[in-house]
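Below: start_5.cif (mmCIF, C-alpha atoms and all ligand atoms)
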data_start
loop_
_atom_site.group_PDB
_atom_site.id
_atom_site.type_symbol
_atom_site.label_atom_id
_atom_site.label_comp_id
_atom_site.auth_asym_id
_atom_site.auth_seq_id
_atom_site.Cartn_x
_atom_site.Cartn_y
_atom_site.Cartn_z
ATOM 1 C CA MET T 1 -67.450 -363.663 -55.467
ATOM 2 C CA THR T 2 -70.550 -362.673 -54.057
ATOM 3 C CA ASP T 3 -71.854 -359.543 -55.378
ATOM 4 C CA TYR T 4 -73.287 -357.658 -52.563
ATOM 5 C CA LYS T 5 -75.958 -355.559 -53.821
ATOM 6 C CA GLN T 6 -77.201 -353.022 -51.632
ATOM 7 C CA ASN T 7 -80.579 -353.737 -50.517
ATOM 8 C CA GLN T 8 -82.553 -350.809 -51.592
ATOM 9 C CA ASP T 9 -85.894 -352.121 -50.877
ATOM 10 C CA PRO T 10 -88.106 -349.114 -50.810
ATOM 11 C CA ASN T 11 -90.592 -350.847 -48.575
ATOM 12 C CA SER T 12 -88.156 -351.470 -45.950
ATOM 13 C CA SER T 13 -88.278 -347.973 -44.686
ATOM 14 C CA SER T 14 -89.453 -348.289 -41.168
ATOM 15 C CA ASP T 15 -89.411 -344.607 -40.543
ATOM 16 C CA ASP T 16 -92.525 -344.308 -42.445
ATOM 17 C CA VAL T 17 -94.634 -343.622 -39.435
ATOM 18 C CA GLU T 18 -94.940 -339.952 -39.161
ATOM 19 C CA VAL T 19 -95.512 -338.781 -35.707
ATOM 20 C CA GLU T 20 -98.244 -336.293 -35.979
ATOM 21 C CA ASP T 21 -98.012 -335.396 -32.381
ATOM 22 C CA GLN T 22 -98.306 -331.713 -32.712
ATOM 23 C CA HIS T 23 -101.749 -331.640 -31.318
ATOM 24 C CA SER T 24 -100.549 -330.436 -28.002
ATOM 25 C CA MET T 25 -102.069 -326.977 -27.566
ATOM 26 C CA PRO T 26 -99.730 -324.082 -27.092
ATOM 27 C CA SER T 27 -99.923 -323.387 -23.438
ATOM 28 C CA TYR T 28 -100.765 -319.841 -22.432
ATOM 29 C CA PRO T 29 -99.474 -319.040 -18.991
ATOM 30 C CA ASP T 30 -102.640 -317.371 -17.851
ATOM 31 C CA GLU T 31 -102.238 -318.075 -14.225
ATOM 32 C CA ASN T 32 -99.200 -315.959 -13.485
ATOM 33 C CA PRO T 33 -98.820 -313.429 -16.235
ATOM 34 C CA PRO T 34 -95.564 -311.579 -15.785
ATOM 35 C CA ARG T 35 -96.900 -308.337 -17.328
ATOM 36 C CA PRO T 36 -93.562 -306.650 -17.744
ATOM 37 C CA LYS T 37 -95.152 -303.748 -19.616
ATOM 38 C CA ASN T 38 -97.574 -302.908 -16.829
ATOM 39 C CA LYS T 39 -94.815 -302.898 -14.325
ATOM 40 C CA SER T 40 -92.812 -300.393 -16.299
ATOM 41 C CA LEU T 41 -95.956 -298.299 -16.647
ATOM 42 C CA TRP T 42 -95.979 -297.977 -12.885
ATOM 43 C CA MET T 43 -92.401 -296.903 -12.839
ATOM 44 C CA VAL T 44 -92.738 -294.434 -15.692
ATOM 45 C CA ILE T 45 -96.069 -292.797 -14.898
ATOM 46 C CA ILE T 46 -97.438 -293.583 -11.474
ATOM 47 C CA VAL T 47 -94.295 -293.044 -9.437
ATOM 48 C CA PRO T 48 -93.400 -289.673 -11.006
ATOM 49 C CA MET T 49 -97.052 -288.594 -10.616
ATOM 50 C CA PHE T 50 -96.894 -289.492 -6.960
ATOM 51 C CA VAL T 51 -93.690 -287.529 -6.524
ATOM 52 C CA LEU T 52 -95.245 -284.577 -8.369
ATOM 53 C CA VAL T 53 -98.338 -284.568 -6.159
ATOM 54 C CA ILE T 54 -96.243 -284.692 -3.009
ATOM 55 C CA GLY T 55 -94.143 -281.838 -4.375
ATOM 56 C CA MET T 56 -97.231 -279.757 -5.076
ATOM 57 C CA ILE T 57 -98.575 -280.349 -1.581
ATOM 58 C CA VAL T 58 -95.294 -279.239 -0.074
ATOM 59 C CA ALA T 59 -95.152 -276.205 -2.372
ATOM 60 C CA ALA T 60 -98.743 -275.249 -1.528
ATOM 61 C CA LYS T 61 -97.875 -275.283 2.123
ATOM 62 C CA PHE T 62 -95.253 -272.627 1.591
ATOM 63 C CA MET T 63 -97.141 -270.570 -0.981
ATOM 64 C CA PRO T 64 -99.366 -268.555 1.409
ATOM 65 C CA GLN T 65 -96.273 -267.284 3.186
ATOM 66 C CA ALA T 66 -94.780 -266.127 -0.068
ATOM 67 C CA GLU T 67 -98.077 -264.488 -0.942
ATOM 68 C CA VAL T 68 -97.919 -262.198 2.070
ATOM 69 C CA LYS T 69 -95.271 -259.758 0.974
ATOM 70 C CA THR T 70 -94.255 -258.571 4.400
ATOM 71 C CA LYS T 71 -94.028 -260.342 7.698
ATOM 72 C CA LYS T 72 -92.941 -257.223 9.531
ATOM 73 C CA ALA T 73 -94.781 -254.154 10.652
ATOM 74 C CA VAL T 74 -93.227 -250.976 11.972
ATOM 75 C CA ALA T 75 -94.501 -248.171 14.144
ATOM 76 C CA SER T 76 -92.982 -244.760 14.624
ATOM 77 C CA MET T 77 -93.295 -243.923 18.309
ATOM 78 C CA ASN T 78 -92.691 -240.210 17.944
ATOM 79 C CA GLU T 79 -96.262 -239.139 18.595
ATOM 80 C CA ARG T 80 -97.432 -238.338 22.055
ATOM 81 C CA TYR T 81 -100.317 -240.367 23.345
ATOM 82 C CA PRO T 82 -103.527 -238.342 22.774
ATOM 83 C CA GLY T 83 -104.226 -236.209 25.807
ATOM 84 C CA TYR T 84 -100.870 -236.807 27.492
ATOM 85 C CA THR T 85 -99.510 -233.469 28.649
ATOM 86 C CA GLY T 86 -96.555 -234.588 30.756
ATOM 87 C CA ASP T 87 -92.948 -233.753 30.071
ATOM 88 C CA ILE T 88 -91.806 -237.095 28.688
ATOM 89 C CA SER T 89 -91.527 -237.083 24.909
ATOM 90 C CA PRO T 90 -90.469 -240.494 23.653
ATOM 91 C CA SER T 91 -89.358 -241.126 20.119
ATOM 92 C CA GLY T 92 -88.082 -244.093 18.207
ATOM 93 C CA THR T 93 -89.279 -247.163 16.391
ATOM 94 C CA VAL T 94 -90.999 -250.467 17.037
ATOM 95 C CA ILE T 95 -90.551 -253.365 14.632
ATOM 96 C CA THR T 96 -92.834 -256.386 14.936
ATOM 97 C CA THR T 97 -91.939 -259.593 13.137
ATOM 98 C CA PHE T 98 -94.490 -262.354 12.708
ATOM 99 C CA LEU T 99 -92.778 -265.673 13.115
ATOM 100 C CA PRO T 100 -93.860 -268.983 11.567
ATOM 101 C CA GLN T 101 -94.589 -270.500 14.974
ATOM 102 C CA GLY T 102 -97.332 -267.925 15.602
ATOM 103 C CA ASN T 103 -95.160 -265.731 17.786
ATOM 104 C CA ILE T 104 -94.684 -262.010 17.523
ATOM 105 C CA GLN T 105 -91.181 -260.728 17.953
ATOM 106 C CA PHE T 106 -91.497 -257.222 19.257
ATOM 107 C CA ALA T 107 -88.358 -255.090 18.922
ATOM 108 C CA TYR T 108 -88.055 -251.511 20.104
ATOM 109 C CA ASP T 109 -85.493 -248.757 19.881
ATOM 110 C CA LEU T 110 -86.677 -245.782 21.900
ATOM 111 C CA GLN T 111 -85.298 -242.545 23.253
ATOM 112 C CA GLY T 112 -86.650 -239.771 25.445
ATOM 113 C CA LEU T 113 -88.157 -242.144 27.965
ATOM 114 C CA GLU T 114 -88.085 -241.817 31.717
ATOM 115 C CA PRO T 115 -84.579 -242.635 32.927
ATOM 116 C CA ASN T 116 -84.216 -246.100 34.461
ATOM 117 C CA CYS T 117 -87.755 -247.236 33.765
ATOM 118 C CA VAL T 118 -87.912 -250.831 34.978
ATOM 119 C CA ASP T 119 -90.219 -253.320 33.270
ATOM 120 C CA CYS T 120 -92.279 -250.550 31.741
ATOM 121 C CA GLY T 121 -95.075 -251.581 29.453
ATOM 122 C CA ILE T 122 -95.134 -251.456 25.692
ATOM 123 C CA HIS T 123 -97.964 -253.169 23.848
ATOM 124 C CA ILE T 124 -100.069 -253.522 20.742
ATOM 125 C CA HIS T 125 -103.527 -252.188 21.542
ATOM 126 C CA GLU T 126 -106.933 -252.966 20.074
ATOM 127 C CA GLY T 127 -107.479 -249.523 18.630
ATOM 128 C CA THR T 128 -106.420 -248.412 15.192
ATOM 129 C CA THR T 129 -105.908 -244.732 15.928
ATOM 130 C CA CYS T 130 -103.555 -242.509 17.855
ATOM 131 C CA ASP T 131 -105.845 -239.511 17.544
ATOM 132 C CA ASP T 132 -108.489 -240.383 20.079
ATOM 133 C CA ALA T 133 -107.584 -241.776 23.493
ATOM 134 C CA GLU T 134 -111.078 -243.237 23.830
ATOM 135 C CA GLU T 135 -110.500 -245.467 20.811
ATOM 136 C CA VAL T 136 -107.037 -246.821 21.498
ATOM 137 C CA GLY T 137 -108.605 -249.367 23.807
ATOM 138 C CA GLY T 138 -107.002 -252.203 25.715
ATOM 139 C CA HIS T 139 -104.485 -254.825 24.745
ATOM 140 C CA TYR T 140 -104.860 -256.654 21.422
ATOM 141 C CA TYR T 141 -104.961 -260.425 21.797
ATOM 142 C CA SER T 142 -107.188 -263.438 21.201
ATOM 143 C CA VAL T 143 -105.498 -266.018 23.415
ATOM 144 C CA GLY T 144 -107.038 -266.867 26.778
ATOM 145 C CA GLU T 145 -104.824 -264.690 28.924
ATOM 146 C CA ASP T 146 -103.516 -261.214 28.178
ATOM 147 C CA PRO T 147 -99.903 -261.669 27.066
ATOM 148 C CA TRP T 148 -99.204 -257.901 27.015
ATOM 149 C CA THR T 149 -98.058 -257.824 30.634
ATOM 150 C CA SER T 150 -94.758 -257.747 32.475
ATOM 151 C CA MET T 151 -95.355 -261.434 33.202
ATOM 152 C CA GLY T 152 -95.744 -261.961 29.463
ATOM 153 C CA GLY T 153 -92.484 -260.100 28.914
ATOM 154 C CA ALA T 154 -94.024 -257.105 27.161
ATOM 155 C CA VAL T 155 -91.682 -254.586 28.743
ATOM 156 C CA TYR T 156 -88.773 -252.303 28.077
ATOM 157 C CA ASN T 157 -86.049 -251.116 30.441
ATOM 158 C CA SER T 158 -84.540 -247.720 29.864
ATOM 159 C CA ASP T 159 -81.087 -246.615 30.894
ATOM 160 C CA ALA T 160 -80.053 -243.467 32.755
ATOM 161 C CA ASN T 161 -80.389 -241.522 29.504
ATOM 162 C CA GLY T 162 -83.962 -242.651 28.951
ATOM 163 C CA GLU T 163 -82.992 -244.932 26.087
ATOM 164 C CA ALA T 164 -84.184 -248.461 25.594
ATOM 165 C CA ALA T 165 -83.457 -251.005 22.918
ATOM 166 C CA GLY T 166 -84.331 -254.670 22.939
ATOM 167 C CA SER T 167 -86.953 -257.215 22.046
ATOM 168 C CA PHE T 168 -89.291 -259.808 23.431
ATOM 169 C CA THR T 169 -91.399 -262.551 21.882
ATOM 170 C CA LEU T 170 -94.937 -263.474 22.786
ATOM 171 C CA LYS T 171 -98.057 -265.112 21.436
ATOM 172 C CA SER T 172 -101.102 -262.879 21.177
ATOM 173 C CA GLY T 173 -103.188 -265.098 18.926
ATOM 174 C CA TYR T 174 -102.985 -262.513 16.173
ATOM 175 C CA ASP T 175 -99.949 -263.919 14.492
ATOM 176 C CA THR T 176 -100.155 -262.472 11.002
ATOM 177 C CA CYS T 177 -98.946 -259.132 9.791
ATOM 178 C CA LYS T 178 -102.358 -258.452 8.283
ATOM 179 C CA GLU T 179 -104.134 -258.827 11.608
ATOM 180 C CA ASN T 180 -101.812 -256.363 13.284
ATOM 181 C CA LEU T 181 -101.437 -253.698 10.626
ATOM 182 C CA GLY T 182 -103.122 -250.439 11.594
ATOM 183 C CA HIS T 183 -103.152 -251.195 15.304
ATOM 184 C CA ALA T 184 -101.759 -248.803 17.853
ATOM 185 C CA VAL T 185 -98.562 -249.476 19.783
ATOM 186 C CA VAL T 186 -98.469 -247.746 23.152
ATOM 187 C CA ALA T 187 -95.452 -247.098 25.350
ATOM 188 C CA HIS T 188 -96.214 -246.646 29.015
ATOM 189 C CA SER T 189 -94.359 -244.913 31.810
ATOM 190 C CA GLN T 190 -93.243 -246.488 35.079
ATOM 191 C CA ASN T 191 -96.634 -245.772 36.631
ATOM 192 C CA GLY T 192 -98.522 -247.013 33.586
ATOM 193 C CA THR T 193 -99.290 -243.663 32.037
ATOM 194 C CA ARG T 194 -99.621 -243.870 28.280
ATOM 195 C CA LEU T 195 -96.818 -241.777 26.886
ATOM 196 C CA SER T 196 -96.538 -242.336 23.167
ATOM 197 C CA CYS T 197 -98.489 -243.989 20.419
ATOM 198 C CA GLY T 198 -97.671 -245.318 16.961
ATOM 199 C CA ILE T 199 -99.632 -247.125 14.256
ATOM 200 C CA LEU T 200 -98.243 -250.368 12.839
ATOM 201 C CA THR T 201 -97.655 -250.069 9.114
ATOM 202 C CA ALA T 202 -96.239 -252.500 6.600
ATOM 203 C CA GLU T 203 -92.504 -252.405 6.361
ATOM 204 C CA SER T 204 -91.589 -250.949 2.993
HETATM 205 CU CU CU W 301 -100.409 -250.694 26.705
#

Would you write out, as structure tokens, the structure that this file holds?
Ligand SMILES: [Cu+2]
Amino acid sequence: MTDYKQNQDPNSSSDDVEVEDQHSMPSYPDENPPRPKNKSLWMVIIVPMFVLVIGMIVAAKFMPQAEVKTKKAVASMNERYPGYTGDISPSGTVITTFLPQGNIQFAYDLQGLEPNCVDCGIHIHEGTTCDDAEEVGGHYYSVGEDPWTSMGGAVYNSDANGEAAGSFTLKSGYDTCKENLGHAVVAHSQNGTRLSCGILTAES
């Protein structure tokens, strides 16, 4: 019987060569860094900041309008034009509204006018008084051509009872309430005579 002895030769180990191949440098991917943190920084800070700035710009655009309390001015037309001694005694109210597009909406509700006055004038004048005819002046505008004309639509038409109610819209160039406050509104007769006068005041 052959006794097989296990060959346990310690020198026979051929795995003795240790592979010291860990010299390869850890590679740093410098060329295309993914930078995930920077990207989220954009999303978290820059984008909301951008939205905030846009929001503030939009808000600022609407702020001046909110700052002006009133966009309407009213005039009581009960006073006779200074120096007018005729027998027409108009009364009533004018309401001017200053629209965002730079237009003035001019609404009137008048009584005591000449009956059946056709395309009779009613205007905002330069003057800021109804006490002195010399100071009421001409029409109040800054655009090239006078808009306070029948062509411009600045008229009223009264009925058989001498009443007139309606409105027209025009552009005078003075499109804010502030610019118009204190100015005189004048209602004219069919022949252009200045009949009544009222000062534009802020609507309460
Ligand atoms: Cu006039």

| 7 Å shell around ligand CU 301 (chain W) using all atoms listed in the file, listed as number ranges by chain | T: 121-125, 138-139, 186-188

| T:Glu114 environment, 12 Å, only C-alpha atoms, sequence neighbours closer than 6 positions dropped, as number ranges by chain | T: 86-91, 120, 156-164, 187-193, 195

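What the PyMOL selection byres (((chain T and resi 181) around 9) and not hetatm) matches in the given file is Ala73, Val74, Thr128, Thr176, Cys177, Lys178, Glu179, Asn180, Gly182, His183, Ala184, Ile199, Leu200, Thr201 and Ala202 of chain T.
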
| Rounded to one decimal in Å, what is the spacing between atom CA of T:Met151 and atom CA of T:Phe168? |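 Separation between atom CA of T:Met151 and atom CA of T:Phe168: 11.6 Å.
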
| Surrounding residues of T:Pro147 excluding itself and chain neighbours under 2 positions, 7 Å, all atoms listed in the file, as a list in words | Glu145, Thr149, Gly152, Leu170, Lys171 and Ser172 of chain T

Dump C-alpha atoms for the selected residues as a PDB file, in the coordinates of the input?
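File written: part-v3.pdb
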ATOM      1  CA  GLU T 145    -104.824-264.690  28.924  1.00  0.00           C
ATOM      2  CA  THR T 149     -98.058-257.824  30.634  1.00  0.00           C
ATOM      3  CA  GLY T 152     -95.744-261.961  29.463  1.00  0.00           C
ATOM      4  CA  LEU T 170     -94.937-263.474  22.786  1.00  0.00           C
ATOM      5  CA  LYS T 171     -98.057-265.112  21.436  1.00  0.00           C
ATOM      6  CA  SER T 172    -101.102-262.879  21.177  1.00  0.00           C
TER       7      SER T 172
END

| request: Please indicate the distance in Å from atom CA of T:Ser204 to atom CA of T:Pro100, rounded to one decimal place. | output: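 Atom CA of T:Pro100 lies at a distance of 20.1 Å from atom CA of T:Ser204.
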
| task | Could you please determine the separation between atom CA of T:Tyr140 and atom CA of T:Asp175 in Å, to one decimal place? | result |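 Here the two named atoms are 11.2 Å from each other.
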
| Between T:Gly112, T:Gly137, T:Gly144, T:Gly173, which is the closest to T:Gly92 once you count all atoms listed in the file? |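 Smallest separation from T:Gly92 among the options: T:Gly112.
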
| query | Which of these residues is nearest to T:Leu99, using only C-alpha atoms: T:Lys72, T:Pro115, T:Ser196, T:Glu134? | reply |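 Using only C-alpha atoms, T:Leu99 sits closest to T:Lys72.
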
| task | Could you check which of T:Ser142, T:Ser150, T:Gln105, T:Thr93 is closest to T:Val118, using all atoms listed in the file? | result |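 The answer is T:Ser150, which sits nearest to T:Val118.
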
Let me know the centre plus edge lengths, in Å and rounded to one decimal, of a box with edges along x, y and z that contains all listed atoms of stretch 170-175 of chain T and is padded by 4 Å on every side, as JSON.
{"center_x": -99.1, "center_y": -263.8, "center_z": 18.6, "size_x": 16.3, "size_y": 10.6, "size_z": 16.3}
